[in-house]
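Chemist: Contents of final.csv (CSV, C-alpha atoms and all ligand atoms):
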```csv
chain,number,residue,atom,x,y,z
B,1,ASP,CA,-15.5,-63.4,-2.1
B,2,PHE,CA,-16.7,-62.3,1.4
B,3,PHE,CA,-17.8,-58.9,0.1
B,4,LEU,CA,-19.8,-60.4,-2.8
B,5,ASN,CA,-22.7,-60.6,-0.3
B,6,THR,CA,-22.6,-57.1,1.1
B,7,GLU,CA,-24.4,-54.0,-0.3
B,8,ARG,CA,-21.2,-52.1,-0.5
B,9,GLN,CA,-17.5,-52.9,-0.1
B,10,GLY,CA,-16.6,-49.8,1.8
B,11,PRO,CA,-18.2,-47.0,3.9
B,12,GLY,CA,-20.7,-44.8,2.0
B,13,SER,CA,-24.4,-44.4,1.3
B,14,PRO,CA,-26.8,-43.4,-1.5
B,15,GLU,CA,-27.2,-40.0,0.2
B,16,VAL,CA,-23.5,-39.2,0.2
B,17,THR,CA,-23.1,-40.4,-3.4
B,18,LEU,CA,-25.8,-37.9,-4.4
B,19,LYS,CA,-24.4,-35.2,-2.2
B,20,ALA,CA,-21.0,-35.6,-4.0
B,21,LEU,CA,-22.8,-35.7,-7.4
B,22,SER,CA,-24.6,-32.4,-6.6
B,23,PHE,CA,-21.2,-30.6,-6.9
B,24,ILE,CA,-20.7,-31.8,-10.5
B,25,ASP,CA,-21.9,-29.6,-13.3
B,26,ASN,CA,-22.4,-30.0,-17.0
B,27,LEU,CA,-23.0,-33.7,-17.4
B,28,THR,CA,-25.0,-34.6,-20.6
B,29,ASP,CA,-26.2,-37.8,-22.3
B,30,LYS,CA,-22.8,-37.8,-24.1
B,31,SER,CA,-20.8,-37.7,-20.9
B,32,LEU,CA,-18.4,-40.5,-20.2
B,33,ILE,CA,-18.0,-41.5,-16.6
B,34,ALA,CA,-15.6,-44.0,-15.0
B,35,ASP,CA,-16.1,-45.5,-11.6
B,36,LEU,CA,-12.8,-46.9,-10.5
B,37,GLY,CA,-12.8,-49.8,-8.0
B,38,CYS,CA,-16.5,-50.0,-8.4
B,39,GLY,CA,-17.0,-53.3,-6.5
B,40,THR,CA,-20.5,-54.7,-7.0
B,41,GLY,CA,-21.7,-51.2,-8.0
B,42,GLY,CA,-23.6,-50.0,-4.9
B,43,GLN,CA,-22.7,-46.4,-5.7
B,44,THR,CA,-22.5,-46.8,-9.6
B,45,MET,CA,-26.2,-47.7,-9.8
B,46,ILE,CA,-27.1,-44.7,-7.7
B,47,LEU,CA,-25.0,-42.5,-10.0
B,48,ALA,CA,-26.6,-43.9,-13.1
B,49,GLN,CA,-30.1,-43.3,-11.8
B,50,HIS,CA,-29.3,-39.6,-11.1
B,51,ALA,CA,-26.8,-38.6,-13.8
B,52,PRO,CA,-26.9,-38.8,-17.6
B,53,GLY,CA,-24.2,-40.3,-19.7
B,54,LYS,CA,-22.5,-43.7,-19.9
B,55,ILE,CA,-20.7,-45.2,-17.0
B,56,THR,CA,-17.9,-47.8,-17.1
B,57,GLY,CA,-17.3,-49.5,-13.8
B,58,ILE,CA,-13.8,-51.0,-13.4
B,59,ASP,CA,-12.7,-53.5,-10.8
B,60,PHE,CA,-10.0,-56.1,-10.8
B,61,PHE,CA,-12.1,-58.7,-9.0
B,62,PRO,CA,-14.1,-60.6,-11.7
B,63,GLY,CA,-16.7,-61.8,-9.2
B,64,PHE,CA,-17.6,-58.2,-8.4
B,65,ILE,CA,-17.9,-57.3,-12.0
B,66,GLU,CA,-20.2,-60.3,-12.7
B,67,ARG,CA,-22.4,-59.2,-9.8
B,68,PHE,CA,-22.2,-55.5,-11.0
B,69,ASN,CA,-23.5,-56.3,-14.5
B,70,LYS,CA,-26.3,-58.4,-13.1
B,71,ASN,CA,-27.2,-55.5,-10.8
B,72,ALA,CA,-27.2,-53.1,-13.8
B,73,GLU,CA,-29.5,-55.5,-15.7
B,74,LYS,CA,-31.9,-55.8,-12.8
B,75,LEU,CA,-32.3,-52.0,-12.8
B,76,ASN,CA,-32.6,-51.9,-16.6
B,77,LEU,CA,-29.4,-49.8,-16.8
B,78,GLN,CA,-27.4,-52.2,-19.0
B,79,ASN,CA,-27.3,-49.9,-22.0
B,80,ARG,CA,-25.6,-47.1,-20.0
B,81,VAL,CA,-23.7,-49.0,-17.3
B,82,LYS,CA,-21.1,-51.6,-18.0
B,83,GLY,CA,-18.7,-53.2,-15.7
B,84,ILE,CA,-15.3,-54.4,-16.9
B,85,VAL,CA,-12.5,-56.3,-15.2
B,86,GLY,CA,-9.4,-54.2,-15.2
B,87,SER,CA,-6.9,-52.4,-13.0
B,88,MET,CA,-7.1,-48.7,-12.3
B,89,ASP,CA,-3.4,-48.3,-12.8
B,90,ASP,CA,-3.6,-49.5,-16.4
B,91,LEU,CA,-6.7,-47.9,-17.8
B,92,SER,CA,-7.6,-48.1,-21.5
B,93,PHE,CA,-9.5,-44.9,-21.9
B,94,GLU,CA,-8.2,-42.4,-24.4
B,95,LYS,CA,-6.5,-39.4,-22.9
B,96,ASP,CA,-8.9,-36.6,-21.9
B,97,SER,CA,-11.9,-38.8,-23.0
B,98,LEU,CA,-13.5,-38.9,-19.5
B,99,ASP,CA,-15.9,-36.2,-18.2
B,100,LEU,CA,-16.0,-37.5,-14.7
B,101,ILE,CA,-13.9,-39.9,-12.7
B,102,TRP,CA,-15.6,-41.4,-9.7
B,103,SER,CA,-14.1,-43.6,-7.0
B,104,GLU,CA,-15.5,-44.4,-3.6
B,105,GLY,CA,-13.1,-45.9,-1.0
B,106,ALA,CA,-10.9,-47.4,-3.7
B,107,ILE,CA,-8.5,-44.8,-5.1
B,108,TYR,CA,-6.0,-45.6,-2.4
B,109,ASN,CA,-4.9,-48.4,-4.7
B,110,ILE,CA,-3.2,-45.9,-7.1
B,111,GLY,CA,-2.8,-42.7,-5.2
B,112,PHE,CA,-5.4,-40.5,-3.8
B,113,ALA,CA,-8.5,-38.4,-4.5
B,114,VAL,CA,-12.3,-38.7,-4.0
B,115,SER,CA,-13.7,-40.7,-1.1
B,116,GLU,CA,-10.8,-41.6,1.2
B,117,SER,CA,-9.9,-42.2,4.8
B,118,VAL,CA,-8.8,-39.2,6.8
B,119,TRP,CA,-7.7,-38.1,10.2
B,120,PHE,CA,-10.0,-35.6,11.8
B,121,THR,CA,-7.5,-34.3,14.2
B,122,ASP,CA,-3.7,-33.6,14.2
B,123,GLN,CA,-3.2,-36.0,17.1
B,124,ARG,CA,-4.8,-39.2,18.1
B,125,PRO,CA,-4.4,-42.1,20.6
B,126,ALA,CA,-1.5,-44.5,19.9
B,127,GLU,CA,-3.8,-47.6,19.5
B,128,ILE,CA,-5.7,-46.2,16.5
B,129,HIS,CA,-2.6,-44.5,15.1
B,130,ASP,CA,-0.8,-47.8,15.1
B,131,PHE,CA,-3.7,-49.6,13.6
B,132,TRP,CA,-3.8,-47.3,10.6
B,133,MET,CA,-0.1,-47.2,10.2
B,134,SER,CA,-0.2,-50.9,9.7
B,135,ALA,CA,-3.2,-50.8,7.4
B,136,TYR,CA,-2.8,-47.6,5.2
B,137,THR,CA,0.0,-45.1,5.9
B,138,GLU,CA,-1.4,-42.6,3.4
B,139,ILE,CA,-4.3,-41.7,5.7
B,140,ASP,CA,-3.8,-37.9,6.4
B,141,THR,CA,-5.7,-34.9,7.6
B,142,VAL,CA,-8.3,-33.1,5.3
B,143,PRO,CA,-6.1,-30.0,4.8
B,144,ASN,CA,-3.1,-32.2,3.8
B,145,LYS,CA,-5.2,-34.1,1.3
B,146,VAL,CA,-6.6,-30.9,-0.1
B,147,ALA,CA,-3.0,-29.6,-0.5
B,148,GLN,CA,-2.2,-32.8,-2.5
B,149,ILE,CA,-5.2,-32.2,-4.8
B,150,GLN,CA,-4.0,-28.6,-5.4
B,151,LYS,CA,-0.4,-29.7,-6.1
B,152,ALA,CA,-1.7,-32.3,-8.6
B,153,GLY,CA,-3.2,-29.5,-10.7
B,154,TYR,CA,-6.9,-29.9,-9.5
B,155,ILE,CA,-9.1,-27.3,-8.0
B,156,PRO,CA,-10.6,-28.5,-4.7
B,157,VAL,CA,-14.3,-27.8,-5.3
B,158,ALA,CA,-15.7,-29.3,-2.1
B,159,THR,CA,-14.9,-31.7,0.7
B,160,PHE,CA,-17.3,-33.2,3.3
B,161,ILE,CA,-17.0,-35.8,5.9
B,162,LEU,CA,-19.2,-38.9,5.6
B,163,PRO,CA,-21.7,-39.3,8.5
B,164,GLU,CA,-21.5,-42.2,10.9
B,165,ASN,CA,-24.3,-44.2,9.2
B,166,CYS,CA,-22.1,-44.7,6.2
B,167,TRP,CA,-19.9,-46.9,8.4
B,168,ILE,CA,-22.4,-48.5,10.6
B,169,GLU,CA,-25.6,-48.9,8.7
B,170,HIS,CA,-24.1,-49.3,5.2
B,171,TYR,CA,-20.8,-51.1,5.9
B,172,PHE,CA,-20.4,-52.9,9.3
B,173,THR,CA,-24.0,-54.0,9.9
B,174,PRO,CA,-24.6,-55.6,6.5
B,175,GLN,CA,-21.4,-57.7,7.1
B,176,ALA,CA,-23.4,-59.8,9.6
B,177,LYS,CA,-25.3,-61.5,6.8
B,178,ALA,CA,-22.2,-62.0,4.7
B,179,GLU,CA,-20.5,-63.6,7.7
B,180,GLU,CA,-23.3,-66.1,8.1
B,181,ILE,CA,-23.1,-67.0,4.4
B,182,PHE,CA,-19.3,-67.2,4.5
B,183,ARG,CA,-19.3,-69.4,7.6
B,184,ARG,CA,-21.7,-71.8,6.0
B,185,LYS,CA,-19.7,-71.9,2.8
B,186,HIS,CA,-16.4,-72.4,4.5
B,187,ALA,CA,-17.4,-74.4,7.6
B,188,GLY,CA,-14.5,-74.9,10.0
B,189,SER,CA,-12.1,-72.6,8.1
B,190,ARG,CA,-9.5,-70.9,10.4
B,191,ILE,CA,-8.9,-68.3,7.7
B,192,VAL,CA,-12.6,-67.3,7.6
B,193,GLU,CA,-12.7,-67.1,11.4
B,194,GLU,CA,-9.6,-64.8,11.3
B,195,LEU,CA,-11.2,-62.6,8.7
B,196,ILE,CA,-14.4,-62.3,10.7
B,197,THR,CA,-12.4,-61.5,13.9
B,198,SER,CA,-10.4,-58.9,12.0
B,199,ASN,CA,-13.7,-57.3,10.6
B,200,HIS,CA,-15.1,-57.2,14.2
B,201,ARG,CA,-11.9,-55.5,15.4
B,202,GLU,CA,-12.2,-52.9,12.7
B,203,ALA,CA,-15.8,-52.2,13.8
B,204,GLU,CA,-14.8,-52.0,17.5
B,205,LEU,CA,-12.0,-49.6,16.8
B,206,TYR,CA,-14.4,-47.5,14.7
B,207,SER,CA,-16.8,-47.2,17.6
B,208,LYS,CA,-14.0,-46.4,20.1
B,209,TYR,CA,-12.1,-43.9,18.0
B,210,LYS,CA,-14.6,-42.4,15.5
B,211,ALA,CA,-13.9,-39.0,16.8
B,212,TYR,CA,-10.4,-39.2,15.3
B,213,TYR,CA,-10.9,-40.6,11.9
B,214,GLY,CA,-13.4,-41.4,9.1
B,215,TYR,CA,-13.9,-41.0,5.4
B,216,ALA,CA,-14.2,-37.7,3.5
B,217,PHE,CA,-15.4,-37.1,0.0
B,218,PHE,CA,-13.2,-34.8,-2.1
B,219,ILE,CA,-14.7,-33.2,-5.3
B,220,CYS,CA,-12.0,-31.9,-7.6
B,221,LYS,CA,-12.0,-30.1,-11.0
B,222,LYS,CA,-9.2,-30.0,-13.5
B,223,GLY,CA,-7.4,-26.7,-13.2
B,224,PHE,CA,-5.9,-24.8,-16.1
B,225,SER,CA,-2.2,-25.2,-16.4
B,226,LEU,CA,0.1,-22.3,-17.3
B,227,ARG,CA,2.3,-24.7,-19.2
B,228,ARG,CA,1.1,-25.6,-22.7
Q,1,LIG,N1,-16.5,-48.6,-4.5
Q,1,LIG,C1,-17.0,-49.7,-3.8
Q,1,LIG,C2,-17.8,-49.2,-2.6
Q,1,LIG,O1,-17.5,-48.1,-2.1
Q,1,LIG,O2,-18.6,-50.0,-2.1
Q,1,LIG,C3,-15.9,-50.7,-3.4
Q,1,LIG,C4,-14.8,-50.2,-2.4
Q,1,LIG,S1,-13.7,-51.4,-1.9
Q,1,LIG,C5,-13.1,-50.7,-0.3
Q,1,LIG,C6,-12.2,-51.3,-2.9
Q,1,LIG,C7,-12.4,-51.8,-4.3
Q,1,LIG,O3,-11.3,-51.6,-5.2
Q,1,LIG,C8,-12.6,-53.4,-4.3
Q,1,LIG,O4,-13.8,-53.7,-5.1
Q,1,LIG,C9,-11.3,-53.9,-5.1
Q,1,LIG,O5,-11.6,-55.1,-5.8
Q,1,LIG,C10,-11.0,-52.7,-6.0
Q,1,LIG,N2,-9.6,-52.6,-6.4
Q,1,LIG,C11,-8.5,-52.7,-5.6
Q,1,LIG,N3,-7.4,-52.4,-6.3
Q,1,LIG,C12,-7.8,-52.2,-7.6
Q,1,LIG,C13,-7.1,-51.9,-8.9
Q,1,LIG,N4,-5.8,-51.8,-8.9
Q,1,LIG,N5,-7.9,-51.7,-10.0
Q,1,LIG,C14,-9.2,-51.9,-9.9
Q,1,LIG,N6,-9.9,-52.1,-8.8
Q,1,LIG,C15,-9.2,-52.3,-7.7
```
How does the structure come out when it is put into structure tokens?
Ligand code: SAM
Modeler:
Amino acid sequence: DFFLNTERQGPGSPEVTLKALSFIDNLTDKSLIADLGCGTGGQTMILAQHAPGKITGIDFFPGFIERFNKNAEKLNLQNRVKGIVGSMDDLSFEKDSLDLIWSEGAIYNIGFAVSESVWFTDQRPAEIHDFWMSAYTEIDTVPNKVAQIQKAGYIPVATFILPENCWIEHYFTPQAKAEEIFRRKHAGSRIVEELITSNHREAELYSKYKAYYGYAFFICKKGFSLRR
């Protein structure tokens, strides 16, 4: 509910979406694309404006999908971009029917690929290590994530680290407006105050420890298997 009023629901930016897209070849008007954990569609609309084909956004939070479809309509993309409520661990696409699977900051819900949190260094201060171990134990270094991609039968085409503005300008700063709206909507709520405090702590930790962690984009291609 809180994140309904933010531009995005995770670190990212139009520039990095387009940078990741620049590594993808061979899309046509017939291409079928899925954006898993699309949220309100910040990145999906950018994709749709710069890539051909049909895009299905999937998110399990109905409020996000409602906003997503409104955003698509506002941009006159409703014929090519559709949001549906669903879970990424139970997708209804036919096997091998998708030409591109996209997911920014959301694939952690079913495993790993695409834009994902990473450690930049092999070692890090205990405070930030402990924070991540309580939030998301699968965070790992870029080479370890690339090894997972390879093992899963994909070719790692490119990886790049998201610049700081994806966290600050496009993620933490827009939360101020959402906080205001949320405080008004739930005046006096202890849970809301706790949520806001925890968001602030996340932003503080980022500014203190951004040399040690961040997000990386991973672009992967299906490899050929020897087994038939
Ligand atoms: N892609 C958006 C962005 O970058 O702004 C949203 C990222 S947000 C960190 C993670 C999203 O994944 C949320 O919108 C959440 O509702 C969605 N999500 C979490 N688990 C999911 C699941 N099992 N199936 C579909 N969506 C899921």
Chemist: Counting only C-alpha atoms and all ligand atoms, what are the residues, protein, DNA or RNA alike, that approach ligand LIG 1 (chain Q) to within 7 Å? I want them as number ranges by chain.
Modeler: B: 8-12, 36-43, 58-61, 64, 86-89, 103-106, 109-110
Chemist: Could you check which of B:Ile128, B:Val85, B:Leu195, B:Ala147 is closest to Tyr213 of chain B, using all atoms listed in the file?
Modeler: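 Smallest separation from Tyr213 of chain B among the options: B:Ile128.
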Chemist: Restricting the calculation to all atoms listed in the file, which member of B:Glu15, B:Glu66, B:Tyr209, B:Asn71 is positioned closest to Glu127 of chain B?
Modeler: B:Tyr209
Chemist: Rank B:Leu91, B:Val16, B:Met45, B:Ile107 by their smallest atom-to-atom distance to Asn69 of chain B, using all atoms listed in the file, and report the top residue only.
Modeler: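 Answer, going by the shortest atom-to-atom distance: B:Met45.
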Chemist: Just want the 12 Å neighbourhood of Glu180 of chain B, counted on all atoms listed in the file, with same-chain residues fewer than 3 positions away dropped. Output as a list in words.
Modeler: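 Non-adjacent residues within range: Phe2, Asn5, Thr6, Pro174, Gln175, Ala176, Lys177, Arg183, Arg184, Lys185, His186, Ala187, Val192, Glu193 and Ile196 of chain B.
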Chemist: Could you write those residues out with C-alpha atoms, as a PDB file, in the frame of the given file?
Modeler:
```pdb
ATOM      1  CA  PHE B   2     -16.700 -62.300   1.400  1.00  0.00           C
ATOM      2  CA  ASN B   5     -22.700 -60.600  -0.300  1.00  0.00           C
ATOM      3  CA  THR B   6     -22.600 -57.100   1.100  1.00  0.00           C
ATOM      4  CA  PRO B 174     -24.600 -55.600   6.500  1.00  0.00           C
ATOM      5  CA  GLN B 175     -21.400 -57.700   7.100  1.00  0.00           C
ATOM      6  CA  ALA B 176     -23.400 -59.800   9.600  1.00  0.00           C
ATOM      7  CA  LYS B 177     -25.300 -61.500   6.800  1.00  0.00           C
ATOM      8  CA  ARG B 183     -19.300 -69.400   7.600  1.00  0.00           C
ATOM      9  CA  ARG B 184     -21.700 -71.800   6.000  1.00  0.00           C
ATOM     10  CA  LYS B 185     -19.700 -71.900   2.800  1.00  0.00           C
ATOM     11  CA  HIS B 186     -16.400 -72.400   4.500  1.00  0.00           C
ATOM     12  CA  ALA B 187     -17.400 -74.400   7.600  1.00  0.00           C
ATOM     13  CA  VAL B 192     -12.600 -67.300   7.600  1.00  0.00           C
ATOM     14  CA  GLU B 193     -12.700 -67.100  11.400  1.00  0.00           C
ATOM     15  CA  ILE B 196     -14.400 -62.300  10.700  1.00  0.00           C
TER      16      ILE B 196
END
```
Chemist: Nearest residue to Ala152 of chain B out of B:Trp119, B:Phe131, B:Tyr206, B:Phe224, using all atoms listed in the file?
Modeler: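 Smallest separation from Ala152 of chain B among the options: B:Phe224.
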Chemist: With distances taken over all atoms listed in the file, which residue among B:Ser13, B:Ser117, B:Ser22, B:Gln78 lies nearest Val157 of chain B?
Modeler: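 Checking each candidate against Val157 of chain B, we get B:Ser22 as the closest.
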Chemist: Between B:Leu98, B:Ala211, B:Ile168, B:Lys74, which one has atoms that come closest to Asp122 of chain B, using all atoms listed in the file?
Modeler: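 Between B:Leu98, B:Ala211, B:Ile168, B:Lys74, the residue approaching Asp122 of chain B most closely is B:Ala211.
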Chemist: Which value, in Å to one decimal, gives the distance between atom CA of Ala203 of chain B and atom CA of Met133 of chain B?
Modeler: 16.9 Å
Chemist: Show me, as an mmCIF file with C-alpha atoms, in the coordinates of the input, the residues that have an atom within 8 Å of Val118 of chain B when counting only C-alpha atoms, minus same-chain residues fewer than 6 positions from it.
Modeler:
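Result saved to around.cif:
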```cif
data_model
loop_
_atom_site.group_PDB
_atom_site.id
_atom_site.type_symbol
_atom_site.label_atom_id
_atom_site.label_comp_id
_atom_site.auth_asym_id
_atom_site.auth_seq_id
_atom_site.Cartn_x
_atom_site.Cartn_y
_atom_site.Cartn_z
ATOM 1 C CA ILE B 139 -4.300 -41.700 5.700
ATOM 2 C CA ASP B 140 -3.800 -37.900 6.400
ATOM 3 C CA THR B 141 -5.700 -34.900 7.600
ATOM 4 C CA VAL B 142 -8.300 -33.100 5.300
ATOM 5 C CA TYR B 213 -10.900 -40.600 11.900
ATOM 6 C CA GLY B 214 -13.400 -41.400 9.100
ATOM 7 C CA TYR B 215 -13.900 -41.000 5.400
ATOM 8 C CA ALA B 216 -14.200 -37.700 3.500
#
```
Chemist: Atom CA of Pro163 of chain B to atom CA of Arg80 of chain B: how many Å, to one decimal?
Modeler: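 Rounded to one decimal, the two atoms are 29.8 Å apart.
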Chemist: How many Å separate atom CA of Asp1 of chain B from atom CA of Ser115 of chain B?
Modeler: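 Computed distance, atom CA of Asp1 of chain B to atom CA of Ser115 of chain B, equals 22.8 Å.
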Chemist: Quick one: residues within 10 Å of Asn26 of chain B, only C-alpha atoms, excluding same-chain residues fewer than 2 positions away - as a list in words?
Modeler: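 The neighbour list is Ile24, Thr28, Ser31, Pro52 and Asp99 of chain B.
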